[in-house]
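Trainee: Following this message is one structure expressed as structure tokens.
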Amino acid sequence: MAELSIVVHGPNVQGHLTELLDSLAAHPLPDAELIVAAVGDWARETAERHTPDVQVVPLPDGTGDAAARAAGAARASGRWLHFVHAKDGLPAGTPRTVAERVAELPDEVDVLLLDHLRSTWHTSGLPSPDGPLLARAGRADVALDDCAPLLRLTPLLGTRVLRTAFHREHGRHFATDDEPYAALAALLLAGRVACLPHVAYEDRRLRPASLPPPTPEQRYGLVARYESLLDLTQDRRAAHTVLYDVMVRDCLRTFARGGMDEEVAREFFRRASLAAVRRRPEDHRRPGGLEGVRRSLLEEGAYTRYRAFQTVNRTRRTARSAVRTRRRQAGALLRDHQYRRALGRPVDPNLAVFAAYWNRGVACNPAAIAAKLAELAPRIHPVWVVTAENAALLPPGTDHVVPGTRRYWEVLASARYLVNNVNFPNAVVKRPDAIHVQTHHGTPLKRMGLDQMAFPAAAQGLDFKALLERIDKWDYSVSANSHTTRMWERAYPARYVSLDHGYPRNDVYYTAGAAEIRAVRDLLGIAPGRRAVLYAPTHRDYEAGWTPRLDLAALADRLGEDTVLLVRGHYFYGGAASPLTNLRRTGRIIDVSSYDPVEDLCLAADVLVTDYSSIMFDYANLDRPIVVYADDWETYRTTRGVYFDLMAEAPGPVARTQRELTDILAGDAWRDENAAKTRAVFRRRFCEYDDGRAAERVVRRVFLGQDERELPPVLPVEERTPAPSPQEATA
């Protein structure tokens, strides 16, 4: 008996069924079965090309979604059912993740909730808004009444995996072509639900102009849907309140979206008004502001006044937008005038501007270069670009400017040297006698620059023309290894000179001594003899926020008292990542998301656990164990794009599930002979130019004008001595 039955259903809309079945055929599952309830000849012929791996249930043209799902479910033998519409997709590798998750769920759980991607006719792989909700719910199974906000999840049946017995028991509620009703009913009827905060479904939204327009009855059906669902919340106050808010919000958004003639709009508003009054929970308080006004008018059934309110609101927004535009234009004209005047002055040969991570502070390669510059060329004055909120965190005595201020534009105009690990703004003019140094801030596993054009979820609307204009301003590009050099040449094609000198930020991994390592561990509260595991996951372009991919409390419990978890959320999510704030602080889980510099954390750690973050390339310089936790590798590779197969060229053992990761860290696989051999190969390739003197080479070449032959040679990997391990440092 299969654990999971994937039931693909519907017609081959715009050929998407072909893509879906091809992707499933590329990653067959031993513990799942695939059933295609094929509507129409095209869908049947497409499915039959994939036999014998596919069970095909042919259905006549015009068969509705509910009937197609029922036909597929009737053929299924799995304990769990995953209904996938033929127009939608399953990111590579995700069926395996779903199958593994449902296999560990107890029989009391009726529904497993998944995260998803959204694609339209002109975009693909965009993150859903559901990630934070699923992350907050965690991995433990719950009763819906204890986690009613889950009713706010996007109502897609494809993001609900249903226990087969549960589906059969409540079959009449799923026998509808109204997918949102079926998706919400699944939650309301479930005894317990569990979450998988992992992208495991792709919702493809077809262009509305390619579909028949909704009929009046379909419009009114929205209200009827919620009326029926609210009948399932009797004596369930929390669920009723959340579902009521979902109903009112959905009705108001549908009304505001328009597309209805006057008669239909009036009737829709009337029905929505009656439902809003009839179903309103006792002591329910409307939200404040404009949303509260909208709800009040809806409950009053004040159609004419609501229309007038819409008109006034649109007029107000237009006026405010015009005022803001005029203010921006006036400010821009003033700044442009000041900047142009500054550009008319001579370049200051002893002025250098530094910035890092979108002006977050003194960090990364620019910080290491600035420190070495103060040692080798103290005549050159450094000025850091830092946002106003981060200025207070600067080291005492750091000269800095805040973006947008008058002095900011003056120093950008007059500095001979401009050093950044990202790009300076488009408005910055490249003067002929100024030198721009791009240090970057990582070794590229994921696609970058122009290579993102084929990956919309990664590009996120990036202006590639403007990117090329920024690249053309670079004089130098710093590289840590020949792989990086080659990838930058294709991702950032321009006439800059590649400085194959190593990453200056990695010098500390060869210069730090036992005293520095002890000091960092003492500061973090890591007692001598305890193992420190640094967990540093990266950002996912297809997720709206940080989704914890591990049950950190369970991992800490399993690893025992002698292990401390240092958990660092990605800086894109700002400071201490919110999912960590609820972790119990036992002294064995420490949130280091706001700790800088990250190099200190690496020095303090006995082992690194990461996924696709560039921190692995830096940490490898220490020649300490690295474990890759790649639970969503196929999804990441497909949506973000990668330059090499990390699964084949990992710096250490690879775990695909939390259980595998726990077993690796609880045993010796994280530090055994195989791990050391794998790491050695990785270091030879990706630590090629890092030997502790990268910053010196950059300063001598760029600021002192020395020839390549005058620079310190790069030591072979085998001849380098990394900083001592924490156990050596505390012995």
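Numbering starts fresh at 1 for the residues of each chain in the structure tokens, the chains themselves are lettered A, B, ... in the order given, and ligands are numbered from 1 as they appear.
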Neighbours of region 697-714 of chain A within 10 Å (only C-alpha atoms; same-chain residues fewer than 2 positions away dropped), as a count of residues only?
Mentor: 39
Trainee: As a PDB file with all heavy atoms, in the first residue's frame, please: every residue in region 278-381 of chain A that a backbone DSSP assignment puts in strand (DSSP E or B).
Mentor:
ATOM      1  N   ASP A 348      39.611  64.138  -4.586  1.00  0.00           N
ATOM      2  CA  ASP A 348      40.521  64.127  -3.438  1.00  0.00           C
ATOM      3  C   ASP A 348      41.275  62.802  -3.447  1.00  0.00           C
ATOM      4  O   ASP A 348      40.685  61.739  -3.199  1.00  0.00           O
ATOM      5  CB  ASP A 348      39.720  64.272  -2.142  1.00  0.00           C
ATOM      6  CG  ASP A 348      40.620  64.369  -0.911  1.00  0.00           C
ATOM      7  OD1 ASP A 348      41.803  64.015  -1.005  1.00  0.00           O
ATOM      8  OD2 ASP A 348      40.107  64.795   0.150  1.00  0.00           O
ATOM      9  N   PRO A 349      42.587  62.797  -3.711  1.00  0.00           N
ATOM     10  CA  PRO A 349      43.338  61.532  -3.817  1.00  0.00           C
ATOM     11  C   PRO A 349      43.473  60.800  -2.492  1.00  0.00           C
ATOM     12  O   PRO A 349      43.865  59.629  -2.476  1.00  0.00           O
ATOM     13  CB  PRO A 349      44.705  61.981  -4.340  1.00  0.00           C
ATOM     14  CG  PRO A 349      44.836  63.397  -3.876  1.00  0.00           C
ATOM     15  CD  PRO A 349      43.458  63.974  -3.916  1.00  0.00           C
ATOM     16  N   ASN A 350      43.149  61.473  -1.392  1.00  0.00           N
ATOM     17  CA  ASN A 350      43.294  60.854  -0.073  1.00  0.00           C
ATOM     18  C   ASN A 350      41.946  60.597   0.605  1.00  0.00           C
ATOM     19  O   ASN A 350      41.871  60.520   1.837  1.00  0.00           O
ATOM     20  CB  ASN A 350      44.160  61.739   0.834  1.00  0.00           C
ATOM     21  CG  ASN A 350      45.595  61.811   0.345  1.00  0.00           C
ATOM     22  OD1 ASN A 350      46.157  60.801  -0.091  1.00  0.00           O
ATOM     23  ND2 ASN A 350      46.180  62.995   0.386  1.00  0.00           N
ATOM     24  N   LEU A 351      40.895  60.433  -0.190  1.00  0.00           N
ATOM     25  CA  LEU A 351      39.564  60.173   0.358  1.00  0.00           C
ATOM     26  C   LEU A 351      39.022  58.865  -0.219  1.00  0.00           C
ATOM     27  O   LEU A 351      39.027  58.668  -1.445  1.00  0.00           O
ATOM     28  CB  LEU A 351      38.607  61.320   0.028  1.00  0.00           C
ATOM     29  CG  LEU A 351      37.158  61.175   0.529  1.00  0.00           C
ATOM     30  CD1 LEU A 351      37.115  61.086   2.048  1.00  0.00           C
ATOM     31  CD2 LEU A 351      36.305  62.349   0.047  1.00  0.00           C
ATOM     32  N   ALA A 352      38.556  57.995   0.675  1.00  0.00           N
ATOM     33  CA  ALA A 352      37.978  56.712   0.258  1.00  0.00           C
ATOM     34  C   ALA A 352      36.608  56.549   0.913  1.00  0.00           C
ATOM     35  O   ALA A 352      36.456  56.778   2.116  1.00  0.00           O
ATOM     36  CB  ALA A 352      38.888  55.550   0.647  1.00  0.00           C
ATOM     37  N   VAL A 353      35.627  56.147   0.123  1.00  0.00           N
ATOM     38  CA  VAL A 353      34.275  55.885   0.628  1.00  0.00           C
ATOM     39  C   VAL A 353      34.063  54.376   0.679  1.00  0.00           C
ATOM     40  O   VAL A 353      34.319  53.672  -0.299  1.00  0.00           O
ATOM     41  CB  VAL A 353      33.209  56.544  -0.270  1.00  0.00           C
ATOM     42  CG1 VAL A 353      31.802  56.158   0.204  1.00  0.00           C
ATOM     43  CG2 VAL A 353      33.366  58.054  -0.256  1.00  0.00           C
ATOM     44  N   PHE A 354      33.582  53.899   1.832  1.00  0.00           N
ATOM     45  CA  PHE A 354      33.315  52.476   2.026  1.00  0.00           C
ATOM     46  C   PHE A 354      31.837  52.261   2.339  1.00  0.00           C
ATOM     47  O   PHE A 354      31.211  53.089   3.010  1.00  0.00           O
ATOM     48  CB  PHE A 354      34.154  51.917   3.181  1.00  0.00           C
ATOM     49  CG  PHE A 354      35.624  51.823   2.896  1.00  0.00           C
ATOM     50  CD1 PHE A 354      36.471  52.897   3.156  1.00  0.00           C
ATOM     51  CD2 PHE A 354      36.167  50.662   2.363  1.00  0.00           C
ATOM     52  CE1 PHE A 354      37.828  52.813   2.892  1.00  0.00           C
ATOM     53  CE2 PHE A 354      37.522  50.566   2.095  1.00  0.00           C
ATOM     54  CZ  PHE A 354      38.356  51.642   2.350  1.00  0.00           C
ATOM     55  N   ALA A 355      31.295  51.152   1.876  1.00  0.00           N
ATOM     56  CA  ALA A 355      29.919  50.763   2.209  1.00  0.00           C
ATOM     57  C   ALA A 355      29.817  49.248   2.147  1.00  0.00           C
ATOM     58  O   ALA A 355      30.585  48.588   1.436  1.00  0.00           O
ATOM     59  CB  ALA A 355      28.919  51.409   1.250  1.00  0.00           C
ATOM     60  N   HIS A 381      41.937  58.884   4.004  1.00  0.00           N
ATOM     61  CA  HIS A 381      40.888  59.007   5.017  1.00  0.00           C
ATOM     62  C   HIS A 381      39.650  58.212   4.598  1.00  0.00           C
ATOM     63  O   HIS A 381      39.091  58.457   3.520  1.00  0.00           O
ATOM     64  CB  HIS A 381      40.515  60.478   5.206  1.00  0.00           C
ATOM     65  CG  HIS A 381      39.406  60.686   6.201  1.00  0.00           C
ATOM     66  ND1 HIS A 381      39.565  60.451   7.540  1.00  0.00           N
ATOM     67  CD2 HIS A 381      38.119  61.097   6.035  1.00  0.00           C
ATOM     68  CE1 HIS A 381      38.443  60.713   8.172  1.00  0.00           C
ATOM     69  NE2 HIS A 381      37.536  61.109   7.281  1.00  0.00           N
TER      70      HIS A 381
END
Trainee: Find the residues near region 192-199 of chain A: any atom within 6 Å, counting only C-alpha atoms, skip ones fewer than 5 places away on the same chain, and give them as a ChimeraX atom specification.
Mentor: /A:109-116,134-135,139,141-143
Trainee: Write out, as an mmCIF file, in the first residue's frame, the residues just selected, with N, CA and C atoms.
Mentor:
data_model
loop_
_atom_site.group_PDB
_atom_site.id
_atom_site.type_symbol
_atom_site.label_atom_id
_atom_site.label_comp_id
_atom_site.auth_asym_id
_atom_site.auth_seq_id
_atom_site.Cartn_x
_atom_site.Cartn_y
_atom_site.Cartn_z
ATOM 1 N N VAL A 109 -4.135 12.956 12.800
ATOM 2 C CA VAL A 109 -4.002 14.100 11.891
ATOM 3 C C VAL A 109 -4.758 13.796 10.599
ATOM 4 N N ASP A 110 -5.623 14.734 10.203
ATOM 5 C CA ASP A 110 -6.433 14.549 8.995
ATOM 6 C C ASP A 110 -5.922 15.349 7.798
ATOM 7 N N VAL A 111 -5.222 16.456 8.056
ATOM 8 C CA VAL A 111 -4.814 17.349 6.969
ATOM 9 C C VAL A 111 -3.386 17.821 7.212
ATOM 10 N N LEU A 112 -2.564 17.767 6.177
ATOM 11 C CA LEU A 112 -1.222 18.362 6.193
ATOM 12 C C LEU A 112 -1.241 19.585 5.301
ATOM 13 N N LEU A 113 -0.810 20.734 5.844
ATOM 14 C CA LEU A 113 -0.827 21.996 5.110
ATOM 15 C C LEU A 113 0.551 22.295 4.540
ATOM 16 N N LEU A 114 0.590 22.743 3.290
ATOM 17 C CA LEU A 114 1.838 23.018 2.581
ATOM 18 C C LEU A 114 1.930 24.487 2.186
ATOM 19 N N ASP A 115 3.154 24.953 1.977
ATOM 20 C CA ASP A 115 3.356 26.272 1.381
ATOM 21 C C ASP A 115 3.398 26.109 -0.136
ATOM 22 N N HIS A 116 3.344 27.229 -0.858
ATOM 23 C CA HIS A 116 3.284 27.132 -2.318
ATOM 24 C C HIS A 116 3.929 28.335 -2.988
ATOM 25 N N LEU A 134 2.450 29.477 8.396
ATOM 26 C CA LEU A 134 2.834 28.078 8.566
ATOM 27 C C LEU A 134 4.018 27.943 9.516
ATOM 28 N N ALA A 135 4.943 28.897 9.422
ATOM 29 C CA ALA A 135 6.116 28.848 10.293
ATOM 30 C C ALA A 135 5.715 29.040 11.751
ATOM 31 N N ARG A 139 5.758 22.580 13.476
ATOM 32 C CA ARG A 139 5.606 21.232 12.917
ATOM 33 C C ARG A 139 4.705 20.332 13.755
ATOM 34 N N ASP A 141 1.406 18.791 15.408
ATOM 35 C CA ASP A 141 0.015 18.793 14.965
ATOM 36 C C ASP A 141 -0.857 19.477 16.015
ATOM 37 N N VAL A 142 -1.909 20.168 15.542
ATOM 38 C CA VAL A 142 -2.767 20.968 16.423
ATOM 39 C C VAL A 142 -4.217 20.787 16.013
ATOM 40 N N ALA A 143 -5.123 21.120 16.941
ATOM 41 C CA ALA A 143 -6.532 21.249 16.604
ATOM 42 C C ALA A 143 -6.731 22.634 16.015
#
Trainee: Can you work out which one of A:Gln658, A:Thr241, A:Thr176, A:Ser321 has the shortest atom-to-atom distance to Asp65 (chain A), counting only C-alpha atoms?
Mentor: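 Of A:Gln658, A:Thr241, A:Thr176, A:Ser321, the one nearest Asp65 (chain A), counting only C-alpha atoms, is A:Thr176.
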Trainee: For the alpha helix (DSSP H) assignment from backbone DSSP, which residues of region 224-288 of chain A qualify? Please present them as a PyMOL selection string.
Mentor: chain A and resi 224-230+237-257+262-278
Trainee: For Ile471 (chain A), list every protein, DNA or RNA residue within 9 Å, evaluated using only C-alpha atoms, and leave out those in the same chain fewer than 2 positions away; present the list as number ranges by chain.
Mentor: A: 423, 438, 466-469, 473-474, 492-496
Trainee: Ala391 (chain A): which residues within 12 Å, counting only C-alpha atoms, same-chain residues fewer than 6 positions away excluded, as a ChimeraX atom specification?
Mentor: /A:359-362,384-385,397-403
Trainee: Kindly save the residues from that selection, with C-alpha atoms included, as a short mmCIF file (atom, residue, chain, number, x, y, z; two decimals), in the first residue's frame.
Mentor:
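Okay, selection11.cif is ready:
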data_model
loop_
_atom_site.label_atom_id
_atom_site.label_comp_id
_atom_site.auth_asym_id
_atom_site.auth_seq_id
_atom_site.Cartn_x
_atom_site.Cartn_y
_atom_site.Cartn_z
CA ASN A 359 24.78 50.67 4.11
CA ARG A 360 24.29 48.51 7.21
CA GLY A 361 27.66 49.36 8.76
CA VAL A 362 31.35 48.42 8.96
CA TRP A 384 31.60 54.98 5.68
CA VAL A 385 28.10 55.22 4.22
CA GLY A 397 35.37 57.53 15.96
CA THR A 398 34.13 56.16 12.62
CA ASP A 399 33.67 59.00 10.14
CA HIS A 400 30.42 58.39 8.28
CA VAL A 401 27.71 59.92 6.13
CA VAL A 402 24.00 59.13 5.96
CA PRO A 403 22.58 58.43 2.48
#
Trainee: Would you mind listing what lies within 9 Å of Glu543 (chain A) as a list in words, with only C-alpha atoms counted and same-chain residues fewer than 4 positions away left out?
Mentor: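 Neighbouring residues, sequence-local ones excluded: Asp115, His116, Leu117, Leu126, Pro127, Ser128, Pro129, Asp130, Gly131, Pro132, Val199, His539 and Thr547 of chain A.
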